[in-house]
$ cat run_35.csv   # CSV, N, CA and C atoms
chain,number,residue,atom,x,y,z
D,97,MET,N,14.4,15.6,-25.8
D,97,MET,CA,14.1,14.2,-26.2
D,97,MET,C,14.2,14.1,-27.7
D,98,GLU,N,14.6,13.0,-28.2
D,98,GLU,CA,14.8,12.8,-29.6
D,98,GLU,C,13.8,11.8,-30.1
D,99,LEU,N,13.4,12.0,-31.4
D,99,LEU,CA,12.6,11.0,-32.1
D,99,LEU,C,13.4,10.5,-33.3
D,100,TRP,N,13.3,9.2,-33.5
D,100,TRP,CA,14.0,8.6,-34.6
D,100,TRP,C,12.9,8.3,-35.7
D,101,ALA,N,13.1,8.9,-36.9
D,101,ALA,CA,12.1,8.7,-38.0
D,101,ALA,C,12.8,8.0,-39.1
D,102,LYS,N,12.0,7.0,-39.7
D,102,LYS,CA,12.5,6.2,-40.8
D,102,LYS,C,11.5,6.1,-41.9
D,103,LEU,N,12.0,6.3,-43.1
D,103,LEU,CA,11.2,6.0,-44.3
D,103,LEU,C,11.5,4.6,-44.7
D,104,ILE,N,10.4,3.8,-44.9
D,104,ILE,CA,10.5,2.4,-45.3
D,104,ILE,C,10.0,2.2,-46.7
D,105,THR,N,10.8,1.5,-47.5
D,105,THR,CA,10.4,1.1,-48.8
D,105,THR,C,10.8,-0.3,-49.1
D,106,ASN,N,9.9,-1.2,-49.5
D,106,ASN,CA,10.1,-2.6,-49.7
D,106,ASN,C,10.8,-3.2,-48.5
D,107,GLU,N,10.3,-2.9,-47.3
D,107,GLU,CA,10.8,-3.4,-46.0
D,107,GLU,C,12.3,-3.0,-45.7
D,108,LYS,N,12.8,-2.0,-46.3
D,108,LYS,CA,14.1,-1.5,-46.0
D,108,LYS,C,14.1,0.0,-45.7
D,109,ILE,N,15.0,0.4,-44.7
D,109,ILE,CA,15.1,1.8,-44.4
D,109,ILE,C,15.8,2.5,-45.5
D,110,THR,N,15.1,3.5,-46.1
D,110,THR,CA,15.7,4.2,-47.2
D,110,THR,C,16.2,5.6,-46.8
D,111,LYS,N,15.7,6.1,-45.6
D,111,LYS,CA,16.2,7.3,-45.1
D,111,LYS,C,15.8,7.4,-43.6
D,112,SER,N,16.7,7.9,-42.8
D,112,SER,CA,16.3,8.1,-41.4
D,112,SER,C,17.0,9.3,-40.8
D,113,THR,N,16.4,9.8,-39.7
D,113,THR,CA,17.0,11.0,-39.1
D,113,THR,C,16.6,11.0,-37.6
D,114,LEU,N,17.3,11.7,-36.8
D,114,LEU,CA,17.0,12.0,-35.4
D,114,LEU,C,16.6,13.4,-35.3
D,115,VAL,N,15.5,13.7,-34.6
D,115,VAL,CA,15.0,15.0,-34.5
D,115,VAL,C,14.8,15.3,-33.0
D,116,GLU,N,15.4,16.4,-32.6
D,116,GLU,CA,15.2,16.9,-31.2
D,116,GLU,C,13.9,17.6,-31.1
D,117,VAL,N,13.0,17.2,-30.1
D,117,VAL,CA,11.7,17.8,-29.8
D,117,VAL,C,11.6,18.1,-28.4
D,118,GLU,N,10.7,19.0,-28.1
D,118,GLU,CA,10.5,19.5,-26.7
D,118,GLU,C,9.3,18.8,-26.0
D,119,ASN,N,8.1,19.0,-26.5
D,119,ASN,CA,6.9,18.6,-25.8
D,119,ASN,C,6.2,17.4,-26.4
D,120,LEU,N,6.2,16.3,-25.8
D,120,LEU,CA,5.4,15.2,-26.3
D,120,LEU,C,4.3,14.8,-25.3
D,121,ASN,N,3.9,15.7,-24.5
D,121,ASN,CA,2.9,15.4,-23.5
D,121,ASN,C,1.5,15.8,-23.9
D,122,THR,N,1.3,16.5,-25.0
D,122,THR,CA,0.0,16.9,-25.4
D,122,THR,C,-0.2,16.6,-26.9
D,123,PHE,N,-1.5,16.6,-27.3
D,123,PHE,CA,-1.7,16.4,-28.7
D,123,PHE,C,-1.1,17.4,-29.6
D,124,SER,N,-1.1,18.7,-29.2
D,124,SER,CA,-0.5,19.7,-30.0
D,124,SER,C,1.0,19.6,-30.0
D,125,GLY,N,1.6,19.1,-29.0
D,125,GLY,CA,3.0,18.9,-28.9
D,125,GLY,C,3.4,17.7,-29.8
D,126,ILE,N,2.6,16.7,-29.8
D,126,ILE,CA,2.9,15.5,-30.7
D,126,ILE,C,2.8,16.0,-32.2
D,127,THR,N,1.7,16.8,-32.5
D,127,THR,CA,1.5,17.3,-33.8
D,127,THR,C,2.7,18.1,-34.3
D,128,LYS,N,3.2,19.0,-33.5
D,128,LYS,CA,4.3,19.8,-33.8
D,128,LYS,C,5.5,19.0,-34.0
D,129,ALA,N,5.8,18.0,-33.2
D,129,ALA,CA,6.9,17.1,-33.3
D,129,ALA,C,6.9,16.3,-34.6
D,130,PHE,N,5.7,15.8,-35.0
D,130,PHE,CA,5.6,15.0,-36.2
D,130,PHE,C,5.8,15.9,-37.4
D,131,MET,N,5.3,17.2,-37.3
D,131,MET,CA,5.5,18.1,-38.4
D,131,MET,C,7.0,18.4,-38.6
D,132,ASP,N,7.7,18.5,-37.5
D,132,ASP,CA,9.2,18.8,-37.5
D,132,ASP,C,9.9,17.6,-38.1
D,133,VAL,N,9.5,16.4,-37.8
D,133,VAL,CA,10.0,15.1,-38.4
D,133,VAL,C,9.9,15.1,-39.9
D,134,ALA,N,8.6,15.4,-40.3
D,134,ALA,CA,8.4,15.4,-41.8
D,134,ALA,C,9.2,16.4,-42.5
D,135,GLU,N,9.4,17.6,-41.9
D,135,GLU,CA,10.2,18.6,-42.5
D,135,GLU,C,11.6,18.2,-42.6
D,136,ALA,N,12.1,17.6,-41.5
D,136,ALA,CA,13.5,17.1,-41.5
D,136,ALA,C,13.8,16.1,-42.6
D,137,LEU,N,12.8,15.2,-42.9
D,137,LEU,CA,12.9,14.2,-43.9
D,137,LEU,C,12.6,14.7,-45.3
D,138,GLY,N,12.0,15.9,-45.4
D,138,GLY,CA,11.6,16.4,-46.7
D,138,GLY,C,10.4,15.7,-47.3
D,139,VAL,N,9.5,15.3,-46.4
D,139,VAL,CA,8.3,14.6,-46.9
D,139,VAL,C,7.1,15.4,-46.4
D,140,PRO,N,5.9,15.1,-47.0
D,140,PRO,CA,4.7,15.8,-46.5
D,140,PRO,C,4.3,15.3,-45.1
D,141,THR,N,3.6,16.2,-44.4
D,141,THR,CA,3.2,15.8,-43.0
D,141,THR,C,2.0,14.8,-43.1
D,142,PRO,N,2.0,13.7,-42.4
D,142,PRO,CA,0.9,12.8,-42.5
D,142,PRO,C,-0.3,13.4,-41.7
D,143,VAL,N,-1.5,12.8,-42.0
D,143,VAL,CA,-2.7,13.2,-41.2
D,143,VAL,C,-2.5,12.6,-39.8
D,144,ILE,N,-2.5,13.5,-38.8
D,144,ILE,CA,-2.3,13.1,-37.5
D,144,ILE,C,-3.6,13.1,-36.7
D,145,THR,N,-4.0,12.0,-36.3
D,145,THR,CA,-5.3,11.8,-35.6
D,145,THR,C,-5.1,11.6,-34.1
D,146,ARG,N,-6.1,11.8,-33.3
D,146,ARG,CA,-6.0,11.5,-31.9
D,146,ARG,C,-5.6,10.0,-31.7
D,147,THR,N,-6.1,9.1,-32.5
D,147,THR,CA,-5.7,7.7,-32.4
D,147,THR,C,-4.2,7.5,-32.6
D,148,SER,N,-3.7,8.1,-33.6
D,148,SER,CA,-2.2,7.9,-33.9
D,148,SER,C,-1.4,8.5,-32.8
D,149,ALA,N,-1.8,9.7,-32.2
D,149,ALA,CA,-1.1,10.3,-31.1
D,149,ALA,C,-1.2,9.4,-29.9
D,150,GLN,N,-2.4,8.8,-29.6
D,150,GLN,CA,-2.6,7.9,-28.5
D,150,GLN,C,-1.7,6.7,-28.6
D,151,PHE,N,-1.7,6.2,-29.8
D,151,PHE,CA,-0.8,5.0,-30.1
D,151,PHE,C,0.6,5.3,-29.7
D,152,PHE,N,1.1,6.5,-30.1
D,152,PHE,CA,2.4,7.0,-29.8
D,152,PHE,C,2.6,7.1,-28.3
D,153,PHE,N,1.6,7.7,-27.6
D,153,PHE,CA,1.7,7.8,-26.1
D,153,PHE,C,1.9,6.4,-25.5
D,154,ASP,N,1.1,5.5,-26.0
D,154,ASP,CA,1.0,4.1,-25.3
D,154,ASP,C,2.2,3.3,-25.7
D,155,PHE,N,2.7,3.3,-26.9
D,155,PHE,CA,3.7,2.4,-27.3
D,155,PHE,C,5.1,3.0,-27.8
D,156,ASN,N,5.1,4.4,-27.7
D,156,ASN,CA,6.4,5.1,-28.1
D,156,ASN,C,6.8,4.9,-29.5
D,157,THR,N,5.9,4.5,-30.4
D,157,THR,CA,6.1,4.4,-31.8
D,157,THR,C,4.8,4.5,-32.6
D,158,VAL,N,4.9,5.0,-33.8
D,158,VAL,CA,3.7,5.1,-34.7
D,158,VAL,C,4.2,4.9,-36.1
D,159,ARG,N,3.3,4.3,-36.9
D,159,ARG,CA,3.6,4.0,-38.3
D,159,ARG,C,2.5,4.7,-39.2
D,160,PHE,N,3.0,5.5,-40.1
D,160,PHE,CA,2.1,6.1,-41.1
D,160,PHE,C,2.3,5.5,-42.4
D,161,LYS,N,1.2,5.0,-43.0
D,161,LYS,CA,1.3,4.3,-44.3
D,161,LYS,C,0.9,5.4,-45.4
D,162,GLN,N,1.0,5.0,-46.6
D,162,GLN,CA,0.7,5.9,-47.7
D,162,GLN,C,-0.7,6.5,-47.6
D,163,ASP,N,-1.7,5.8,-47.1
D,163,ASP,CA,-3.0,6.3,-47.0
D,163,ASP,C,-3.2,7.4,-46.0
D,164,ASP,N,-2.2,7.5,-45.1
D,164,ASP,CA,-2.2,8.6,-44.1
D,164,ASP,C,-1.7,9.9,-44.6
D,165,PHE,N,-1.3,10.0,-45.8
D,165,PHE,CA,-0.9,11.2,-46.4
D,165,PHE,C,-1.9,11.8,-47.4
D,166,VAL,N,-2.1,13.1,-47.5
D,166,VAL,CA,-2.9,13.7,-48.5
D,166,VAL,C,-2.2,13.6,-49.8
D,167,GLU,N,-1.0,14.0,-49.8
D,167,GLU,CA,-0.2,14.0,-51.1
D,167,GLU,C,0.3,12.5,-51.3
D,168,SER,N,0.7,12.3,-52.6
D,168,SER,CA,1.2,10.9,-52.9
D,168,SER,C,2.7,10.9,-52.4
D,169,VAL,N,3.2,9.8,-51.9
D,169,VAL,CA,4.5,9.7,-51.4
D,169,VAL,C,5.2,8.5,-52.1
D,170,ASP,N,6.5,8.5,-52.2
D,170,ASP,CA,7.3,7.5,-52.9
D,170,ASP,C,7.9,6.5,-51.9
D,171,PHE,N,7.3,6.3,-50.7
D,171,PHE,CA,7.8,5.3,-49.8
D,171,PHE,C,6.5,4.5,-49.2
D,172,ASP,N,6.8,3.4,-48.6
D,172,ASP,CA,5.7,2.6,-48.1
D,172,ASP,C,5.2,3.0,-46.7
D,173,SER,N,6.1,3.5,-45.8
D,173,SER,CA,5.6,3.9,-44.5
D,173,SER,C,6.7,4.9,-43.9
D,174,LEU,N,6.2,5.7,-43.0
D,174,LEU,CA,7.0,6.5,-42.1
D,174,LEU,C,6.8,6.0,-40.7
D,175,VAL,N,7.9,5.6,-40.1
D,175,VAL,CA,7.9,5.1,-38.7
D,175,VAL,C,8.6,6.2,-37.8
D,176,ILE,N,7.9,6.5,-36.8
D,176,ILE,CA,8.5,7.5,-35.8
D,176,ILE,C,8.4,6.8,-34.4
D,177,GLU,N,9.6,6.9,-33.7
D,177,GLU,CA,9.7,6.3,-32.4
D,177,GLU,C,10.6,7.1,-31.5
D,178,ARG,N,10.4,7.0,-30.2
D,178,ARG,CA,11.3,7.6,-29.3
D,178,ARG,C,12.7,7.0,-29.4
D,179,ALA,N,13.7,7.9,-29.4
D,179,ALA,CA,15.1,7.4,-29.6
D,179,ALA,C,15.6,7.1,-28.2
$ encode --input "run_35.csv" --output "structure tokens"
Amino acid sequence: MELWAKLITNEKITKSTLVEVENLNTFSGITKAFMDVAEALGVPTPVITRTSAQFFFDFNTVRFKQDDFVESVDFDSLVIERA
């Protein structure tokens, strides 16, 4: 399965990538997939909560804003969705 990840700045996609992942059925699988996405984009990994994982399970998409990162980032949001 693939995830499409997009970095958004000023309502425009500034960078995107497709990442092949294996397990999206568990919280640990989601966490690993989101870490792989962040690595592929060259950005820090966001803080992944059970709420964000559940939102992804329910709606096949999740948006992380600047406040969801421990480090400072130079984009407005990271959007991850099933491709």
$ select_by_dssp --input "run_35.csv" --residues "chain D" --states "alpha helix (DSSP H)" --output "PDB file with N, CA and C atoms, in the coordinates of the input"
ATOM      1  N   PHE D 123      -1.500  16.600 -27.300  1.00  0.00           N
ATOM      2  CA  PHE D 123      -1.700  16.400 -28.700  1.00  0.00           C
ATOM      3  C   PHE D 123      -1.100  17.400 -29.600  1.00  0.00           C
ATOM      4  N   SER D 124      -1.100  18.700 -29.200  1.00  0.00           N
ATOM      5  CA  SER D 124      -0.500  19.700 -30.000  1.00  0.00           C
ATOM      6  C   SER D 124       1.000  19.600 -30.000  1.00  0.00           C
ATOM      7  N   GLY D 125       1.600  19.100 -29.000  1.00  0.00           N
ATOM      8  CA  GLY D 125       3.000  18.900 -28.900  1.00  0.00           C
ATOM      9  C   GLY D 125       3.400  17.700 -29.800  1.00  0.00           C
ATOM     10  N   ILE D 126       2.600  16.700 -29.800  1.00  0.00           N
ATOM     11  CA  ILE D 126       2.900  15.500 -30.700  1.00  0.00           C
ATOM     12  C   ILE D 126       2.800  16.000 -32.200  1.00  0.00           C
ATOM     13  N   THR D 127       1.700  16.800 -32.500  1.00  0.00           N
ATOM     14  CA  THR D 127       1.500  17.300 -33.800  1.00  0.00           C
ATOM     15  C   THR D 127       2.700  18.100 -34.300  1.00  0.00           C
ATOM     16  N   LYS D 128       3.200  19.000 -33.500  1.00  0.00           N
ATOM     17  CA  LYS D 128       4.300  19.800 -33.800  1.00  0.00           C
ATOM     18  C   LYS D 128       5.500  19.000 -34.000  1.00  0.00           C
ATOM     19  N   ALA D 129       5.800  18.000 -33.200  1.00  0.00           N
ATOM     20  CA  ALA D 129       6.900  17.100 -33.300  1.00  0.00           C
ATOM     21  C   ALA D 129       6.900  16.300 -34.600  1.00  0.00           C
ATOM     22  N   PHE D 130       5.700  15.800 -35.000  1.00  0.00           N
ATOM     23  CA  PHE D 130       5.600  15.000 -36.200  1.00  0.00           C
ATOM     24  C   PHE D 130       5.800  15.900 -37.400  1.00  0.00           C
ATOM     25  N   MET D 131       5.300  17.200 -37.300  1.00  0.00           N
ATOM     26  CA  MET D 131       5.500  18.100 -38.400  1.00  0.00           C
ATOM     27  C   MET D 131       7.000  18.400 -38.600  1.00  0.00           C
ATOM     28  N   ASP D 132       7.700  18.500 -37.500  1.00  0.00           N
ATOM     29  CA  ASP D 132       9.200  18.800 -37.500  1.00  0.00           C
ATOM     30  C   ASP D 132       9.900  17.600 -38.100  1.00  0.00           C
ATOM     31  N   VAL D 133       9.500  16.400 -37.800  1.00  0.00           N
ATOM     32  CA  VAL D 133      10.000  15.100 -38.400  1.00  0.00           C
ATOM     33  C   VAL D 133       9.900  15.100 -39.900  1.00  0.00           C
ATOM     34  N   ALA D 134       8.600  15.400 -40.300  1.00  0.00           N
ATOM     35  CA  ALA D 134       8.400  15.400 -41.800  1.00  0.00           C
ATOM     36  C   ALA D 134       9.200  16.400 -42.500  1.00  0.00           C
ATOM     37  N   GLU D 135       9.400  17.600 -41.900  1.00  0.00           N
ATOM     38  CA  GLU D 135      10.200  18.600 -42.500  1.00  0.00           C
ATOM     39  C   GLU D 135      11.600  18.200 -42.600  1.00  0.00           C
ATOM     40  N   ALA D 136      12.100  17.600 -41.500  1.00  0.00           N
ATOM     41  CA  ALA D 136      13.500  17.100 -41.500  1.00  0.00           C
ATOM     42  C   ALA D 136      13.800  16.100 -42.600  1.00  0.00           C
ATOM     43  N   LEU D 137      12.800  15.200 -42.900  1.00  0.00           N
ATOM     44  CA  LEU D 137      12.900  14.200 -43.900  1.00  0.00           C
ATOM     45  C   LEU D 137      12.600  14.700 -45.300  1.00  0.00           C
ATOM     46  N   ARG D 146      -6.100  11.800 -33.300  1.00  0.00           N
ATOM     47  CA  ARG D 146      -6.000  11.500 -31.900  1.00  0.00           C
ATOM     48  C   ARG D 146      -5.600  10.000 -31.700  1.00  0.00           C
ATOM     49  N   THR D 147      -6.100   9.100 -32.500  1.00  0.00           N
ATOM     50  CA  THR D 147      -5.700   7.700 -32.400  1.00  0.00           C
ATOM     51  C   THR D 147      -4.200   7.500 -32.600  1.00  0.00           C
ATOM     52  N   SER D 148      -3.700   8.100 -33.600  1.00  0.00           N
ATOM     53  CA  SER D 148      -2.200   7.900 -33.900  1.00  0.00           C
ATOM     54  C   SER D 148      -1.400   8.500 -32.800  1.00  0.00           C
ATOM     55  N   ALA D 149      -1.800   9.700 -32.200  1.00  0.00           N
ATOM     56  CA  ALA D 149      -1.100  10.300 -31.100  1.00  0.00           C
ATOM     57  C   ALA D 149      -1.200   9.400 -29.900  1.00  0.00           C
ATOM     58  N   GLN D 150      -2.400   8.800 -29.600  1.00  0.00           N
ATOM     59  CA  GLN D 150      -2.600   7.900 -28.500  1.00  0.00           C
ATOM     60  C   GLN D 150      -1.700   6.700 -28.600  1.00  0.00           C
ATOM     61  N   PHE D 151      -1.700   6.200 -29.800  1.00  0.00           N
ATOM     62  CA  PHE D 151      -0.800   5.000 -30.100  1.00  0.00           C
ATOM     63  C   PHE D 151       0.600   5.300 -29.700  1.00  0.00           C
ATOM     64  N   PHE D 152       1.100   6.500 -30.100  1.00  0.00           N
ATOM     65  CA  PHE D 152       2.400   7.000 -29.800  1.00  0.00           C
ATOM     66  C   PHE D 152       2.600   7.100 -28.300  1.00  0.00           C
ATOM     67  N   PHE D 153       1.600   7.700 -27.600  1.00  0.00           N
ATOM     68  CA  PHE D 153       1.700   7.800 -26.100  1.00  0.00           C
ATOM     69  C   PHE D 153       1.900   6.400 -25.500  1.00  0.00           C
ATOM     70  N   ASP D 154       1.100   5.500 -26.000  1.00  0.00           N
ATOM     71  CA  ASP D 154       1.000   4.100 -25.300  1.00  0.00           C
ATOM     72  C   ASP D 154       2.200   3.300 -25.700  1.00  0.00           C
ATOM     73  N   PHE D 155       2.700   3.300 -26.900  1.00  0.00           N
ATOM     74  CA  PHE D 155       3.700   2.400 -27.300  1.00  0.00           C
ATOM     75  C   PHE D 155       5.100   3.000 -27.800  1.00  0.00           C
TER      76      PHE D 155
END
$ select_by_dssp --input "run_35.csv" --residues "region 108-178 of chain D" --states "strand (DSSP E or B)" --output "list in words"
Lys108, Ile109, Thr110, Lys111, Ser112, Thr113, Leu114, Val115, Glu116, Thr157, Val158, Arg159, Phe160, Lys161, Ser173, Leu174, Val175, Ile176, Glu177 and Arg178 of chain D
$ write_last_selection --input "run_35.csv" --atoms "N, CA and C atoms" --output "compact mmCIF listing (two decimals), in the frame of the given file"
# COMPACT_ATOMS: atom_id res chain seq x y z
N LYS D 108 12.80 -2.00 -46.30
CA LYS D 108 14.10 -1.50 -46.00
C LYS D 108 14.10 0.00 -45.70
N ILE D 109 15.00 0.40 -44.70
CA ILE D 109 15.10 1.80 -44.40
C ILE D 109 15.80 2.50 -45.50
N THR D 110 15.10 3.50 -46.10
CA THR D 110 15.70 4.20 -47.20
C THR D 110 16.20 5.60 -46.80
N LYS D 111 15.70 6.10 -45.60
CA LYS D 111 16.20 7.30 -45.10
C LYS D 111 15.80 7.40 -43.60
N SER D 112 16.70 7.90 -42.80
CA SER D 112 16.30 8.10 -41.40
C SER D 112 17.00 9.30 -40.80
N THR D 113 16.40 9.80 -39.70
CA THR D 113 17.00 11.00 -39.10
C THR D 113 16.60 11.00 -37.60
N LEU D 114 17.30 11.70 -36.80
CA LEU D 114 17.00 12.00 -35.40
C LEU D 114 16.60 13.40 -35.30
N VAL D 115 15.50 13.70 -34.60
CA VAL D 115 15.00 15.00 -34.50
C VAL D 115 14.80 15.30 -33.00
N GLU D 116 15.40 16.40 -32.60
CA GLU D 116 15.20 16.90 -31.20
C GLU D 116 13.90 17.60 -31.10
N THR D 157 5.90 4.50 -30.40
CA THR D 157 6.10 4.40 -31.80
C THR D 157 4.80 4.50 -32.60
N VAL D 158 4.90 5.00 -33.80
CA VAL D 158 3.70 5.10 -34.70
C VAL D 158 4.20 4.90 -36.10
N ARG D 159 3.30 4.30 -36.90
CA ARG D 159 3.60 4.00 -38.30
C ARG D 159 2.50 4.70 -39.20
N PHE D 160 3.00 5.50 -40.10
CA PHE D 160 2.10 6.10 -41.10
C PHE D 160 2.30 5.50 -42.40
N LYS D 161 1.20 5.00 -43.00
CA LYS D 161 1.30 4.30 -44.30
C LYS D 161 0.90 5.40 -45.40
N SER D 173 6.10 3.50 -45.80
CA SER D 173 5.60 3.90 -44.50
C SER D 173 6.70 4.90 -43.90
N LEU D 174 6.20 5.70 -43.00
CA LEU D 174 7.00 6.50 -42.10
C LEU D 174 6.80 6.00 -40.70
N VAL D 175 7.90 5.60 -40.10
CA VAL D 175 7.90 5.10 -38.70
C VAL D 175 8.60 6.20 -37.80
N ILE D 176 7.90 6.50 -36.80
CA ILE D 176 8.50 7.50 -35.80
C ILE D 176 8.40 6.80 -34.40
N GLU D 177 9.60 6.90 -33.70
CA GLU D 177 9.70 6.30 -32.40
C GLU D 177 10.60 7.10 -31.50
N ARG D 178 10.40 7.00 -30.20
CA ARG D 178 11.30 7.60 -29.30
C ARG D 178 12.70 7.00 -29.40
$ closest_residue --input "run_35.csv" --among "D:Val139, D:Glu177, D:Val115, D:Ile126" --to "Val158 (chain D)" --atoms "only N, CA and C atoms"
D:Glu177
$ atom_distance --input "run_35.csv" --atom1 "CA of Thr145 (chain D)" --atom2 "atom C of Thr110 (chain D)"
25.0 Å
$ atom_distance --input "run_35.csv" --atom1 "CA of Phe130 (chain D)" --atom2 "CA of Thr105 (chain D)"
19.4 Å
$ residues_around --input "run_35.csv" --residues "Val175 (chain D)" --least-positions-apart "5" --cutoff "5 Å" --atoms "only N, CA and C atoms" --output "number ranges by chain"
D: 101-102, 158-160
$ write_last_selection --input "run_35.csv" --atoms "N, CA and C atoms" --output "PDB file, in the coordinates of the input"
ATOM      1  N   ALA D 101      13.100   8.900 -36.900  1.00  0.00           N
ATOM      2  CA  ALA D 101      12.100   8.700 -38.000  1.00  0.00           C
ATOM      3  C   ALA D 101      12.800   8.000 -39.100  1.00  0.00           C
ATOM      4  N   LYS D 102      12.000   7.000 -39.700  1.00  0.00           N
ATOM      5  CA  LYS D 102      12.500   6.200 -40.800  1.00  0.00           C
ATOM      6  C   LYS D 102      11.500   6.100 -41.900  1.00  0.00           C
ATOM      7  N   VAL D 158       4.900   5.000 -33.800  1.00  0.00           N
ATOM      8  CA  VAL D 158       3.700   5.100 -34.700  1.00  0.00           C
ATOM      9  C   VAL D 158       4.200   4.900 -36.100  1.00  0.00           C
ATOM     10  N   ARG D 159       3.300   4.300 -36.900  1.00  0.00           N
ATOM     11  CA  ARG D 159       3.600   4.000 -38.300  1.00  0.00           C
ATOM     12  C   ARG D 159       2.500   4.700 -39.200  1.00  0.00           C
ATOM     13  N   PHE D 160       3.000   5.500 -40.100  1.00  0.00           N
ATOM     14  CA  PHE D 160       2.100   6.100 -41.100  1.00  0.00           C
ATOM     15  C   PHE D 160       2.300   5.500 -42.400  1.00  0.00           C
TER      16      PHE D 160
END
$ closest_residue --input "run_35.csv" --among "D:Thr141, D:Ala179, D:Lys108, D:Ala149" --to "Thr122 (chain D)" --atoms "all atoms listed in the file"
D:Ala149
$ decode --input "run_35.csv" --residues "region 129-145 of chain D" --atoms "C-alpha atoms" --output "short mmCIF file (atom, residue, chain, number, x, y, z; two decimals), in the first residue's frame"
data_model
loop_
_atom_site.label_atom_id
_atom_site.label_comp_id
_atom_site.auth_asym_id
_atom_site.auth_seq_id
_atom_site.Cartn_x
_atom_site.Cartn_y
_atom_site.Cartn_z
CA ALA D 129 4.68 4.35 8.32
CA PHE D 130 4.54 8.00 9.41
CA MET D 131 8.21 7.83 10.44
CA ASP D 132 9.07 6.45 6.98
CA VAL D 133 7.12 9.28 5.35
CA ALA D 134 8.95 11.92 7.39
CA GLU D 135 12.29 10.34 6.51
CA ALA D 136 11.41 10.27 2.80
CA LEU D 137 10.53 13.98 2.90
CA GLY D 138 13.56 14.89 5.01
CA VAL D 139 11.51 16.43 7.81
CA PRO D 140 11.22 15.67 11.53
CA THR D 141 8.69 13.06 12.61
CA PRO D 142 5.52 14.61 14.04
CA VAL D 143 4.17 13.64 17.43
CA ILE D 144 1.84 10.75 16.62
CA THR D 145 -1.02 10.27 19.05
#
